[in-house]
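**Q** Got a file for you: upload00.cif, mmCIF, C-alpha atoms.
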```cif
data_final
#
loop_
_atom_site.label_atom_id
_atom_site.label_comp_id
_atom_site.auth_asym_id
_atom_site.auth_seq_id
_atom_site.Cartn_x
_atom_site.Cartn_y
_atom_site.Cartn_z
CA MET P 1 1.58 40.99 11.50
CA ALA P 2 -1.23 39.01 13.09
CA GLU P 3 -0.21 36.01 15.14
CA GLN P 4 -0.94 32.73 13.35
CA PRO P 5 -3.39 30.33 15.03
CA MET P 6 -2.06 27.48 17.13
CA GLU P 7 -3.85 24.22 17.85
CA SER P 8 -3.06 21.47 20.28
CA VAL P 9 -3.82 17.76 19.92
CA ASP P 10 -2.68 14.64 21.70
CA ILE P 11 -2.06 12.60 18.54
CA LEU P 12 -1.17 14.00 15.11
CA ILE P 13 -1.15 11.82 11.99
CA ALA P 14 0.93 13.11 9.09
CA GLY P 15 -0.52 11.78 5.82
CA GLY P 16 -4.16 11.12 4.92
CA GLY P 17 -3.77 8.39 2.34
CA MET P 18 -5.22 4.94 2.72
CA VAL P 19 -3.02 4.08 5.71
CA GLY P 20 -3.14 7.43 7.53
CA ALA P 21 -6.89 7.91 7.09
CA SER P 22 -7.72 4.35 8.15
CA LEU P 23 -5.48 4.75 11.19
CA ALA P 24 -7.35 7.94 12.12
CA LEU P 25 -10.71 6.17 11.91
CA ALA P 26 -9.38 3.23 13.91
CA LEU P 27 -8.44 5.63 16.74
CA ARG P 28 -12.01 6.82 17.27
CA GLY P 29 -13.17 6.36 20.83
CA LEU P 30 -9.82 7.09 22.47
CA PRO P 31 -9.68 9.59 25.32
CA TRP P 32 -7.09 11.60 23.36
CA THR P 33 -7.66 14.34 20.80
CA LEU P 34 -6.57 13.68 17.23
CA GLY P 35 -5.39 15.66 14.22
CA LEU P 36 -4.73 14.59 10.62
CA VAL P 37 -2.69 16.61 8.11
CA ASP P 38 -2.53 15.98 4.37
CA PRO P 39 -1.22 18.27 1.62
CA ARG P 40 -3.73 17.23 -1.07
CA PRO P 41 -6.96 19.19 -1.70
CA GLY P 42 -10.27 17.64 -2.67
CA LEU P 43 -9.86 14.25 -1.00
CA ASP P 44 -13.62 14.08 -0.41
CA GLU P 45 -14.68 15.23 -3.90
CA PRO P 46 -17.13 12.95 -5.77
CA LEU P 47 -15.67 10.31 -8.07
CA PRO P 48 -16.50 10.40 -11.79
CA PRO P 49 -19.16 7.97 -12.99
CA VAL P 50 -18.01 4.65 -14.41
CA ASP P 51 -18.90 5.14 -18.06
CA GLY P 52 -15.98 3.22 -19.54
CA PRO P 53 -12.36 2.19 -18.97
CA ALA P 54 -11.11 5.79 -18.81
CA ALA P 55 -13.11 6.35 -15.60
CA PHE P 56 -10.67 4.25 -13.58
CA GLY P 57 -7.57 5.77 -12.05
CA PRO P 58 -4.29 4.00 -12.87
CA ARG P 59 -3.17 3.54 -9.24
CA VAL P 60 -4.87 0.50 -7.73
CA SER P 61 -4.30 -1.92 -4.86
CA ALA P 62 -4.96 -5.64 -4.53
CA LEU P 63 -6.64 -5.67 -1.13
CA SER P 64 -6.40 -8.92 0.81
CA LEU P 65 -9.21 -10.48 2.80
CA ALA P 66 -7.52 -9.25 5.99
CA SER P 67 -7.56 -5.69 4.64
CA GLU P 68 -11.22 -6.11 3.72
CA GLN P 69 -11.99 -7.20 7.28
CA PHE P 70 -10.18 -4.18 8.73
CA LEU P 71 -12.11 -1.81 6.44
CA ARG P 72 -15.36 -3.56 7.39
CA GLU P 73 -14.60 -2.99 11.05
CA LEU P 74 -14.11 0.70 10.26
CA GLY P 75 -17.50 0.82 8.52
CA ILE P 76 -15.82 1.64 5.19
CA TRP P 77 -16.09 -1.49 3.09
CA LEU P 78 -19.82 -1.25 2.42
CA GLN P 79 -19.33 2.39 1.40
CA LEU P 80 -17.09 1.41 -1.53
CA PRO P 81 -19.14 1.68 -4.76
CA GLU P 82 -19.83 -1.73 -6.29
CA ASP P 83 -19.11 -0.47 -9.81
CA ARG P 84 -15.51 0.23 -8.75
CA LEU P 85 -14.85 -2.82 -6.58
CA ALA P 86 -13.60 -5.89 -8.44
CA SER P 87 -13.25 -9.22 -6.69
CA TYR P 88 -10.78 -11.62 -8.21
CA THR P 89 -11.49 -15.30 -7.86
CA HIS P 90 -8.45 -16.73 -9.63
CA MET P 91 -4.80 -15.92 -10.09
CA GLN P 92 -2.44 -17.20 -12.76
CA VAL P 93 1.30 -16.74 -12.53
CA TRP P 94 3.74 -18.04 -15.13
CA ASP P 95 7.32 -17.83 -16.29
CA ALA P 96 7.21 -16.10 -19.68
CA GLU P 97 10.71 -17.44 -20.36
CA GLY P 98 9.84 -21.07 -19.57
CA SER P 99 7.10 -23.56 -18.76
CA GLY P 100 6.49 -22.99 -15.05
CA LYS P 101 2.96 -21.96 -14.10
CA LEU P 102 0.89 -21.52 -10.95
CA SER P 103 -2.90 -21.37 -10.79
CA PHE P 104 -4.61 -20.24 -7.61
CA SER P 105 -8.31 -20.48 -6.78
CA PRO P 106 -10.13 -19.68 -3.53
CA GLU P 107 -11.52 -23.22 -3.20
CA GLN P 108 -7.98 -24.48 -2.60
CA ALA P 109 -7.99 -22.60 0.71
CA GLY P 110 -11.67 -22.82 1.65
CA LEU P 111 -12.39 -19.24 0.56
CA LYS P 112 -14.91 -17.54 -1.75
CA GLN P 113 -12.45 -15.15 -3.40
CA LEU P 114 -8.79 -14.22 -3.27
CA GLY P 115 -9.22 -10.49 -2.76
CA HIS P 116 -10.35 -7.30 -4.49
CA ILE P 117 -8.79 -4.83 -6.89
CA VAL P 118 -9.81 -1.25 -6.16
CA GLU P 119 -8.46 2.17 -7.01
CA ASN P 120 -6.55 3.82 -4.19
CA ARG P 121 -8.58 6.99 -4.60
CA VAL P 122 -11.85 5.07 -4.11
CA VAL P 123 -10.76 3.79 -0.70
CA GLU P 124 -9.37 7.19 0.26
CA HIS P 125 -12.61 8.90 -0.79
CA ALA P 126 -14.69 6.58 1.43
CA LEU P 127 -12.31 7.08 4.34
CA TRP P 128 -12.45 10.87 4.01
CA GLN P 129 -16.23 10.85 3.77
CA ALA P 130 -16.25 9.11 7.15
CA LEU P 131 -13.70 11.56 8.56
CA LEU P 132 -15.96 14.47 7.66
CA ASP P 133 -18.53 13.08 10.11
CA TRP P 134 -16.05 13.39 12.99
CA PRO P 135 -16.36 16.99 14.18
CA GLU P 136 -13.72 16.66 16.90
CA LEU P 137 -11.01 15.67 14.42
CA VAL P 138 -8.57 18.47 13.55
CA ARG P 139 -8.28 18.26 9.74
CA PRO P 140 -5.80 20.65 8.12
CA VAL P 141 -6.27 19.34 4.58
CA ALA P 142 -4.34 20.94 1.70
CA ALA P 143 -1.65 21.88 4.21
CA ARG P 144 1.93 20.69 4.09
CA ILE P 145 4.14 20.24 7.13
CA GLU P 146 7.09 22.60 6.80
CA THR P 147 8.99 21.89 10.00
CA VAL P 148 8.71 19.63 13.02
CA GLU P 149 10.72 19.91 16.19
CA ARG P 150 10.61 18.73 19.75
CA GLU P 151 8.53 20.86 22.11
CA ALA P 152 9.54 20.67 25.77
CA HIS P 153 6.80 20.02 28.32
CA HIS P 154 3.91 20.47 25.90
CA ALA P 155 0.69 21.35 27.77
CA GLY P 156 2.04 20.02 31.04
CA HIS P 157 3.14 16.71 29.53
CA ALA P 158 6.58 15.37 28.63
CA ASP P 159 8.29 16.47 25.45
CA GLY P 160 5.99 16.64 22.42
CA TRP P 161 6.19 18.10 18.94
CA ARG P 162 5.79 21.56 17.43
CA VAL P 163 4.56 21.14 13.85
CA VAL P 164 4.51 24.20 11.57
CA LEU P 165 2.37 24.08 8.41
CA ASN P 166 3.05 25.90 5.16
CA ASP P 167 0.06 28.20 5.77
CA GLY P 168 1.61 29.45 9.01
CA ARG P 169 -0.50 27.40 11.41
CA THR P 170 1.19 25.56 14.26
CA ILE P 171 0.03 22.32 15.85
CA LEU P 172 1.38 21.03 19.15
CA ALA P 173 1.18 17.25 19.55
CA ARG P 174 2.19 14.73 22.18
CA LEU P 175 2.48 11.82 19.72
CA LEU P 176 3.42 12.05 16.03
CA LEU P 177 2.38 9.20 13.69
CA ILE P 178 4.07 9.47 10.29
CA ALA P 179 2.19 7.99 7.32
CA ASP P 180 3.31 10.33 4.56
CA GLY P 181 4.49 7.75 2.04
CA ALA P 182 7.58 5.99 0.75
CA ARG P 183 9.51 9.22 0.18
CA SER P 184 8.40 10.53 3.57
CA PRO P 185 9.47 14.16 4.02
CA LEU P 186 9.07 13.89 7.79
CA ARG P 187 11.20 10.75 8.00
CA ALA P 188 13.92 12.60 6.13
CA GLN P 189 13.56 15.74 8.24
CA LEU P 190 13.91 13.74 11.44
CA GLN P 191 16.94 11.94 9.94
CA TRP P 192 15.34 8.59 10.60
CA PRO P 193 17.82 5.83 9.65
CA THR P 194 16.74 3.45 6.89
CA ARG P 195 18.24 0.68 4.80
CA GLU P 196 17.47 1.25 1.15
CA TRP P 197 18.63 0.48 -2.34
CA SER P 198 17.39 0.84 -5.87
CA TYR P 199 15.95 -2.15 -7.71
CA ASP P 200 17.18 -0.52 -10.94
CA GLN P 201 13.64 -1.00 -12.17
CA THR P 202 10.82 1.35 -13.09
CA ALA P 203 7.15 0.52 -12.51
CA VAL P 204 4.90 1.34 -15.47
CA VAL P 205 1.18 1.60 -14.63
CA ALA P 206 -1.91 2.27 -16.73
CA THR P 207 -5.55 1.35 -17.29
CA VAL P 208 -6.17 -0.84 -20.34
CA GLN P 209 -9.05 -2.43 -22.21
CA HIS P 210 -8.78 -5.86 -23.85
CA THR P 211 -10.87 -7.78 -26.35
CA GLN P 212 -11.11 -10.92 -24.19
CA PRO P 213 -12.75 -10.82 -20.71
CA HIS P 214 -10.50 -11.09 -17.68
CA ALA P 215 -12.92 -13.54 -15.99
CA GLN P 216 -12.07 -12.08 -12.54
CA THR P 217 -8.56 -13.48 -12.88
CA ALA P 218 -5.39 -11.67 -11.85
CA ARG P 219 -2.52 -12.57 -14.14
CA GLN P 220 1.21 -12.10 -13.82
CA ALA P 221 3.87 -13.05 -16.35
CA PHE P 222 7.48 -13.07 -15.18
CA HIS P 223 9.80 -11.77 -17.86
CA ARG P 224 13.55 -11.57 -17.67
CA GLN P 225 13.32 -7.77 -17.60
CA GLY P 226 10.57 -7.72 -14.98
CA PRO P 227 7.07 -8.99 -14.08
CA LEU P 228 3.94 -7.79 -15.89
CA ALA P 229 0.64 -7.93 -13.95
CA PHE P 230 -2.89 -7.50 -15.34
CA LEU P 231 -5.27 -6.80 -12.45
CA PRO P 232 -9.00 -7.15 -13.22
CA LEU P 233 -11.17 -4.08 -12.70
CA ALA P 234 -14.95 -3.89 -12.28
CA LEU P 235 -15.62 -3.86 -16.04
CA PRO P 236 -15.10 -7.32 -17.59
CA ASP P 237 -12.89 -5.99 -20.39
CA THR P 238 -10.79 -3.58 -18.30
CA SER P 239 -7.65 -4.12 -16.22
CA SER P 240 -4.97 -2.16 -14.47
CA ILE P 241 -1.44 -3.07 -15.50
CA VAL P 242 1.79 -2.87 -13.53
CA TRP P 243 4.97 -3.69 -15.42
CA SER P 244 8.10 -3.55 -13.27
CA LEU P 245 10.80 -3.26 -15.91
CA ASP P 246 14.55 -2.93 -15.74
CA THR P 247 15.00 0.81 -16.17
CA PRO P 248 16.53 0.70 -19.70
CA ALA P 249 13.63 -1.50 -20.86
CA ALA P 250 11.14 0.82 -19.14
CA ASP P 251 12.67 3.84 -20.88
CA GLU P 252 12.34 2.03 -24.18
CA PHE P 253 8.68 1.14 -23.49
CA ILE P 254 7.82 4.68 -22.41
CA GLY P 255 9.38 6.02 -25.59
CA LEU P 256 7.24 3.84 -27.85
CA GLY P 257 4.17 5.14 -29.61
CA LYS P 258 0.79 4.21 -28.15
CA SER P 259 0.04 1.43 -30.67
CA ALA P 260 3.46 -0.15 -30.08
CA GLN P 261 2.91 0.01 -26.31
CA CYS P 262 -0.42 -1.78 -26.73
CA ARG P 263 1.18 -4.51 -28.84
CA ALA P 264 3.94 -4.96 -26.26
CA LEU P 265 1.38 -5.30 -23.44
CA SER P 266 -0.69 -7.85 -25.37
CA ALA P 267 2.39 -9.92 -26.19
CA GLY P 268 3.76 -9.49 -22.65
CA ILE P 269 0.71 -11.22 -21.16
CA GLY P 270 0.90 -13.99 -23.75
CA SER P 271 -2.01 -12.61 -25.81
CA VAL P 272 -4.43 -14.36 -23.44
CA LEU P 273 -6.58 -11.22 -23.27
CA GLY P 274 -6.57 -10.49 -26.99
CA GLU P 275 -5.79 -7.02 -28.27
CA VAL P 276 -4.97 -4.39 -25.63
CA SER P 277 -5.73 -0.67 -25.80
CA LEU P 278 -4.60 2.07 -23.42
CA HIS P 279 -7.23 4.21 -21.68
CA SER P 280 -5.13 6.30 -19.32
CA PRO P 281 -1.80 8.08 -19.31
CA VAL P 282 1.15 5.73 -18.83
CA LEU P 283 2.60 6.60 -15.42
CA HIS P 284 6.01 5.46 -14.27
CA PHE P 285 8.09 5.70 -11.12
CA PRO P 286 11.41 4.23 -9.92
CA LEU P 287 11.34 1.25 -7.59
CA HIS P 288 13.29 1.24 -4.34
CA GLN P 289 13.48 -1.08 -1.37
CA ARG P 290 13.32 0.82 1.93
CA HIS P 291 13.02 -0.38 5.49
CA ALA P 292 13.41 1.77 8.58
CA LYS P 293 15.97 0.38 11.01
CA ARG P 294 13.42 1.10 13.70
CA TYR P 295 9.77 2.09 13.42
CA VAL P 296 9.61 4.17 16.59
CA GLN P 297 11.46 6.79 18.56
CA PRO P 298 10.28 8.64 21.67
CA GLY P 299 6.94 10.21 20.82
CA ALA P 300 6.86 9.18 17.14
CA ALA P 301 6.21 6.18 14.89
CA LEU P 302 6.43 5.37 11.19
CA VAL P 303 3.43 3.66 9.56
CA GLY P 304 2.92 2.11 6.13
CA ASP P 305 5.22 3.03 3.27
CA ALA P 306 7.00 5.56 5.47
CA ALA P 307 8.32 2.55 7.41
CA HIS P 308 8.74 0.10 4.54
CA SER P 309 8.35 0.01 0.79
CA ILE P 310 8.65 -3.18 -1.23
CA HIS P 311 8.63 -4.41 -4.79
CA PRO P 312 5.07 -4.37 -6.22
CA LEU P 313 5.30 -7.84 -7.79
CA ALA P 314 2.97 -9.40 -5.17
CA GLY P 315 0.83 -6.32 -4.54
CA GLN P 316 1.34 -6.42 -0.77
CA GLY P 317 2.33 -2.80 -0.08
CA ALA P 318 -1.13 -1.49 0.81
CA ASN P 319 -1.97 -4.62 2.81
CA LEU P 320 1.16 -4.31 4.95
CA GLY P 321 0.34 -0.66 5.59
CA LEU P 322 -3.23 -1.43 6.64
CA LYS P 323 -1.90 -4.14 8.97
CA ASP P 324 0.39 -1.50 10.49
CA ALA P 325 -2.58 0.81 11.03
CA ALA P 326 -4.67 -1.94 12.63
CA ALA P 327 -1.83 -3.00 14.93
CA LEU P 328 -0.96 0.53 16.03
CA ALA P 329 -4.61 1.36 16.70
CA ALA P 330 -4.98 -1.82 18.75
CA VAL P 331 -2.00 -1.06 21.00
CA LEU P 332 -3.21 2.51 21.56
CA HIS P 333 -6.71 1.31 22.48
CA ASP P 334 -5.16 -1.22 24.83
CA ALA P 335 -3.02 1.49 26.40
CA ALA P 336 -6.07 3.68 26.96
CA ALA P 337 -7.97 0.75 28.50
CA ASN P 338 -5.08 0.26 30.93
CA ASN P 339 -4.81 3.98 31.74
CA LEU P 340 -1.28 4.24 30.37
CA PRO P 341 -0.03 7.74 29.56
CA LEU P 342 0.41 8.46 25.88
CA GLU P 343 4.13 9.04 26.48
CA GLU P 344 4.68 5.49 27.79
CA PRO P 345 7.45 4.10 25.49
CA LEU P 346 6.23 0.51 25.81
CA ILE P 347 3.17 1.41 23.68
CA LEU P 348 5.16 2.16 20.54
CA ARG P 349 7.68 -0.61 21.19
CA ARG P 350 4.85 -3.10 21.23
CA TYR P 351 3.69 -1.86 17.83
CA GLN P 352 7.23 -2.19 16.48
CA ARG P 353 7.57 -5.75 17.77
CA GLN P 354 4.31 -6.77 16.15
CA ARG P 355 4.95 -5.30 12.73
CA GLN P 356 8.65 -5.06 11.99
CA THR P 357 9.32 -8.79 11.76
CA ASP P 358 6.25 -9.51 9.63
CA ASN P 359 7.08 -6.69 7.23
CA LEU P 360 10.72 -7.71 6.98
CA GLN P 361 9.81 -11.32 6.22
CA THR P 362 7.47 -10.22 3.43
CA MET P 363 10.11 -7.88 2.01
CA LEU P 364 12.72 -10.63 2.01
CA ALA P 365 10.32 -12.99 0.25
CA MET P 366 9.59 -10.40 -2.45
CA GLU P 367 13.31 -9.72 -2.86
CA GLY P 368 13.92 -13.44 -3.29
CA LEU P 369 11.23 -13.76 -5.96
CA LYS P 370 12.53 -10.71 -7.79
CA ARG P 371 16.06 -12.12 -7.87
CA LEU P 372 14.91 -15.63 -8.79
CA PHE P 373 12.87 -14.52 -11.79
CA GLY P 374 15.48 -12.00 -12.86
CA ALA P 375 18.26 -14.61 -12.85
CA ARG P 376 19.92 -15.33 -16.19
CA HIS P 377 21.70 -18.55 -15.18
CA PRO P 378 20.28 -21.63 -17.01
CA ALA P 379 20.37 -23.75 -13.85
CA LEU P 380 18.26 -21.25 -11.93
CA HIS P 381 15.91 -20.96 -14.90
CA LEU P 382 15.36 -24.72 -14.85
CA ALA P 383 15.06 -24.84 -11.06
CA ARG P 384 12.37 -22.16 -10.87
CA ASN P 385 10.28 -23.85 -13.56
CA LEU P 386 10.54 -27.24 -11.87
CA GLY P 387 9.81 -25.57 -8.53
CA MET P 388 6.68 -23.87 -9.83
CA SER P 389 5.41 -27.12 -11.31
CA GLY P 390 6.02 -28.96 -8.05
CA PHE P 391 4.41 -26.18 -6.01
CA ASN P 392 1.34 -26.30 -8.25
CA ARG P 393 0.91 -30.01 -7.50
CA SER P 394 1.02 -29.62 -3.70
CA PRO P 395 -2.42 -28.87 -2.18
CA THR P 396 -0.86 -27.98 1.20
CA LEU P 397 1.64 -25.53 -0.24
CA MET P 398 -1.04 -23.93 -2.42
CA ARG P 399 -3.47 -23.62 0.49
CA ASN P 400 -0.87 -22.05 2.76
CA ALA P 401 0.31 -19.63 0.08
CA ILE P 402 -3.24 -18.48 -0.65
CA ARG P 403 -4.12 -17.95 3.00
CA GLN P 404 -0.86 -16.15 3.68
CA ALA P 405 -1.41 -13.81 0.72
CA ALA P 406 -4.94 -13.18 2.02
CA GLY P 407 -3.51 -12.19 5.41
CA LEU P 408 -5.18 -15.16 7.10
CA PRO P 409 -3.72 -17.78 9.47
CA VAL P 410 -2.26 -20.79 7.69
#
```
Taking this structure as input, can you express it in the form of structure tokens?

**A**
Amino acid sequence: MAEQPMESVDILIAGGGMVGASLALALRGLPWTLGLVDPRPGLDEPLPPVDGPAAFGPRVSALSLASEQFLRELGIWLQLPEDRLASYTHMQVWDAEGSGKLSFSPEQAGLKQLGHIVENRVVEHALWQALLDWPELVRPVAARIETVEREAHHAGHADGWRVVLNDGRTILARLLLIADGARSPLRAQLQWPTREWSYDQTAVVATVQHTQPHAQTARQAFHRQGPLAFLPLALPDTSSIVWSLDTPAADEFIGLGKSAQCRALSAGIGSVLGEVSLHSPVLHFPLHQRHAKRYVQPGAALVGDAAHSIHPLAGQGANLGLKDAAALAAVLHDAAANNLPLEEPLILRRYQRQRQTDNLQTMLAMEGLKRLFGARHPALHLARNLGMSGFNRSPTLMRNAIRQAAGLPV
């Protein structure tokens, strides 16, 4: 049997989604060689033309202004097709069980918009198009990592990693950066300790069309059984929905016929968008809270959802992951500028210090909101409605909340 090929890189990124691919691009210019492994084929294939609501994929992200700036610095933002990039200039949030309501606009914080809604695959496609122009990058696409183990004295350096792919190839790496998603196989294989629990909710996502225009407004109605968000897409009558339902309610919704699902969605958003029709399969997945007890160990780091996954009610998952990528790239560039060896443990510890606290604070805030709006007690119901009304009347609180959600200094 012929011996399988073996490659050697200084840094290997596991996972080529939005976070992993942007991290790879952010590491250009380093004096270290780089590899990127992803199990999915066709990441650089052309996107279908936008000829109606069905052209949009159901998985989208609400990218903050800070995420936009990071993608601009990578040269990616201007490569995103305008017919798939939807800015949202207003946000309305209300308690569907009461009278509390919040209305956000960019002018309240001295901004031009609040952010953009874009399909995950659109950002990934642009990132992979840029990666194709990087001939030095080792790109085993459509390959899955089977095993990873410590490799002693790799290429004359301290301990590294021996990574075996499902096609038999082996990659030796000095530093392993894990960005393979919330259910990270590598995190599990390395027995990385996490704190996690189920929200006992299921997220239902789909692309819908509505008879009233969304007017570039993101809307979210908090129901007792979970929040329903309508996120505006690039067509004025098309949105992406995310309904985070208590699992029994989600099962009931999924079991409905298509017309009944459409009626439930229209009523769930208070009929403000008129009649709703589905234009994609209804996808669903269980919701879990996960946070790694530490982001780093010698020679390895978790990035993005592999390090933390949060409730989607504020749409911050992708933004936190991109902030991870930007921070990790910055500390690696700084290490190279100061001639530090890649094995220096202070490099990864610095990344952990920068990101773990910020991510944990955001996760705790989302957990608090989820519990507050899921509370059945009449006193809490009254308090949250009074609180929302008071919040809406405070220019300072509104300004700070908008800038924080945008990833900007308050």

**Q** For atom CA of Arg150 of chain P and atom CA of Val163 of chain P, determine how far apart the two atoms are, in Å to one decimal place.

**A**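 Interatomic distance, atom CA of Arg150 of chain P to atom CA of Val163 of chain P: 8.8 Å.
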
**Q** Taking the file above as input, evaluate the PyMOL selection byres ((chain P and resi 186) around 12) and report the hits as a PyMOL selection string.

**A** chain P and resi 13-15+144-149+163-164+176-185+187-192+300-303+306-307

**Q** Could you turn the residues from that selection into a file that holds C-alpha atoms, as an mmCIF file, in the coordinates of the input?

**A**
```cif
data_model
loop_
_atom_site.group_PDB
_atom_site.id
_atom_site.type_symbol
_atom_site.label_atom_id
_atom_site.label_comp_id
_atom_site.auth_asym_id
_atom_site.auth_seq_id
_atom_site.Cartn_x
_atom_site.Cartn_y
_atom_site.Cartn_z
ATOM 1 C CA ILE P 13 -1.150 11.820 11.990
ATOM 2 C CA ALA P 14 0.930 13.110 9.090
ATOM 3 C CA GLY P 15 -0.520 11.780 5.820
ATOM 4 C CA ARG P 144 1.930 20.690 4.090
ATOM 5 C CA ILE P 145 4.140 20.240 7.130
ATOM 6 C CA GLU P 146 7.090 22.600 6.800
ATOM 7 C CA THR P 147 8.990 21.890 10.000
ATOM 8 C CA VAL P 148 8.710 19.630 13.020
ATOM 9 C CA GLU P 149 10.720 19.910 16.190
ATOM 10 C CA VAL P 163 4.560 21.140 13.850
ATOM 11 C CA VAL P 164 4.510 24.200 11.570
ATOM 12 C CA LEU P 176 3.420 12.050 16.030
ATOM 13 C CA LEU P 177 2.380 9.200 13.690
ATOM 14 C CA ILE P 178 4.070 9.470 10.290
ATOM 15 C CA ALA P 179 2.190 7.990 7.320
ATOM 16 C CA ASP P 180 3.310 10.330 4.560
ATOM 17 C CA GLY P 181 4.490 7.750 2.040
ATOM 18 C CA ALA P 182 7.580 5.990 0.750
ATOM 19 C CA ARG P 183 9.510 9.220 0.180
ATOM 20 C CA SER P 184 8.400 10.530 3.570
ATOM 21 C CA PRO P 185 9.470 14.160 4.020
ATOM 22 C CA ARG P 187 11.200 10.750 8.000
ATOM 23 C CA ALA P 188 13.920 12.600 6.130
ATOM 24 C CA GLN P 189 13.560 15.740 8.240
ATOM 25 C CA LEU P 190 13.910 13.740 11.440
ATOM 26 C CA GLN P 191 16.940 11.940 9.940
ATOM 27 C CA TRP P 192 15.340 8.590 10.600
ATOM 28 C CA ALA P 300 6.860 9.180 17.140
ATOM 29 C CA ALA P 301 6.210 6.180 14.890
ATOM 30 C CA LEU P 302 6.430 5.370 11.190
ATOM 31 C CA VAL P 303 3.430 3.660 9.560
ATOM 32 C CA ALA P 306 7.000 5.560 5.470
ATOM 33 C CA ALA P 307 8.320 2.550 7.410
#
```

**Q** Using all atoms listed in the file, find the one residue out of P:Gln361, P:Gln209, P:Gln404, P:Ser266 that sits nearest to Ala55 of chain P.

**A**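 Checking each of P:Gln361, P:Gln209, P:Gln404, P:Ser266 against Ala55 of chain P, counting all atoms listed in the file, the winner is P:Gln209.
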
**Q** Going by the chain IDs and residue numbers used in this file, which residues fall under the PyMOL selection byres ((chain P and resi 120-136) around 10)? Write them as a PDB file with C-alpha atoms, keeping the file's coordinate frame.

**A**
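Dumped to result_7.pdb:
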```pdb
ATOM      1  CA  GLY P  16      -4.160  11.120   4.920  1.00  0.00           C
ATOM      2  CA  GLY P  17      -3.770   8.390   2.340  1.00  0.00           C
ATOM      3  CA  MET P  18      -5.220   4.940   2.720  1.00  0.00           C
ATOM      4  CA  VAL P  19      -3.020   4.080   5.710  1.00  0.00           C
ATOM      5  CA  GLY P  20      -3.140   7.430   7.530  1.00  0.00           C
ATOM      6  CA  ALA P  21      -6.890   7.910   7.090  1.00  0.00           C
ATOM      7  CA  SER P  22      -7.720   4.350   8.150  1.00  0.00           C
ATOM      8  CA  LEU P  23      -5.480   4.750  11.190  1.00  0.00           C
ATOM      9  CA  ALA P  24      -7.350   7.940  12.120  1.00  0.00           C
ATOM     10  CA  LEU P  25     -10.710   6.170  11.910  1.00  0.00           C
ATOM     11  CA  ARG P  28     -12.010   6.820  17.270  1.00  0.00           C
ATOM     12  CA  THR P  33      -7.660  14.340  20.800  1.00  0.00           C
ATOM     13  CA  LEU P  34      -6.570  13.680  17.230  1.00  0.00           C
ATOM     14  CA  GLY P  35      -5.390  15.660  14.220  1.00  0.00           C
ATOM     15  CA  LEU P  36      -4.730  14.590  10.620  1.00  0.00           C
ATOM     16  CA  GLY P  42     -10.270  17.640  -2.670  1.00  0.00           C
ATOM     17  CA  LEU P  43      -9.860  14.250  -1.000  1.00  0.00           C
ATOM     18  CA  ASP P  44     -13.620  14.080  -0.410  1.00  0.00           C
ATOM     19  CA  GLU P  45     -14.680  15.230  -3.900  1.00  0.00           C
ATOM     20  CA  PRO P  46     -17.130  12.950  -5.770  1.00  0.00           C
ATOM     21  CA  LEU P  47     -15.670  10.310  -8.070  1.00  0.00           C
ATOM     22  CA  PHE P  56     -10.670   4.250 -13.580  1.00  0.00           C
ATOM     23  CA  GLY P  57      -7.570   5.770 -12.050  1.00  0.00           C
ATOM     24  CA  PRO P  58      -4.290   4.000 -12.870  1.00  0.00           C
ATOM     25  CA  ARG P  59      -3.170   3.540  -9.240  1.00  0.00           C
ATOM     26  CA  VAL P  60      -4.870   0.500  -7.730  1.00  0.00           C
ATOM     27  CA  SER P  61      -4.300  -1.920  -4.860  1.00  0.00           C
ATOM     28  CA  ALA P  62      -4.960  -5.640  -4.530  1.00  0.00           C
ATOM     29  CA  LEU P  63      -6.640  -5.670  -1.130  1.00  0.00           C
ATOM     30  CA  LEU P  71     -12.110  -1.810   6.440  1.00  0.00           C
ATOM     31  CA  LEU P  74     -14.110   0.700  10.260  1.00  0.00           C
ATOM     32  CA  GLY P  75     -17.500   0.820   8.520  1.00  0.00           C
ATOM     33  CA  ILE P  76     -15.820   1.640   5.190  1.00  0.00           C
ATOM     34  CA  TRP P  77     -16.090  -1.490   3.090  1.00  0.00           C
ATOM     35  CA  LEU P  78     -19.820  -1.250   2.420  1.00  0.00           C
ATOM     36  CA  GLN P  79     -19.330   2.390   1.400  1.00  0.00           C
ATOM     37  CA  LEU P  80     -17.090   1.410  -1.530  1.00  0.00           C
ATOM     38  CA  PRO P  81     -19.140   1.680  -4.760  1.00  0.00           C
ATOM     39  CA  ARG P  84     -15.510   0.230  -8.750  1.00  0.00           C
ATOM     40  CA  LEU P  85     -14.850  -2.820  -6.580  1.00  0.00           C
ATOM     41  CA  ILE P 117      -8.790  -4.830  -6.890  1.00  0.00           C
ATOM     42  CA  VAL P 118      -9.810  -1.250  -6.160  1.00  0.00           C
ATOM     43  CA  GLU P 119      -8.460   2.170  -7.010  1.00  0.00           C
ATOM     44  CA  LEU P 137     -11.010  15.670  14.420  1.00  0.00           C
ATOM     45  CA  VAL P 138      -8.570  18.470  13.550  1.00  0.00           C
ATOM     46  CA  ARG P 139      -8.280  18.260   9.740  1.00  0.00           C
ATOM     47  CA  ALA P 318      -1.130  -1.490   0.810  1.00  0.00           C
TER      48      ALA P 318
END
```

**Q** Would you mind listing what lies within 10 Å of Asn400 of chain P as a JSON list (two decimals) with C-alpha atoms, in the frame of the given file, with all atoms listed in the file counted and same-chain residues fewer than 6 positions away left out?

**A**
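In the end it all went to around_30.json:
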```
[["chain", "number", "residue", "atom", "x", "y", "z"],
["P", 108, "GLN", "CA", -7.98, -24.48, -2.60],
["P", 109, "ALA", "CA", -7.99, -22.60, 0.71],
["P", 406, "ALA", "CA", -4.94, -13.18, 2.02],
["P", 408, "LEU", "CA", -5.18, -15.16, 7.10],
["P", 409, "PRO", "CA", -3.72, -17.78, 9.47],
["P", 410, "VAL", "CA", -2.26, -20.79, 7.69]]
```
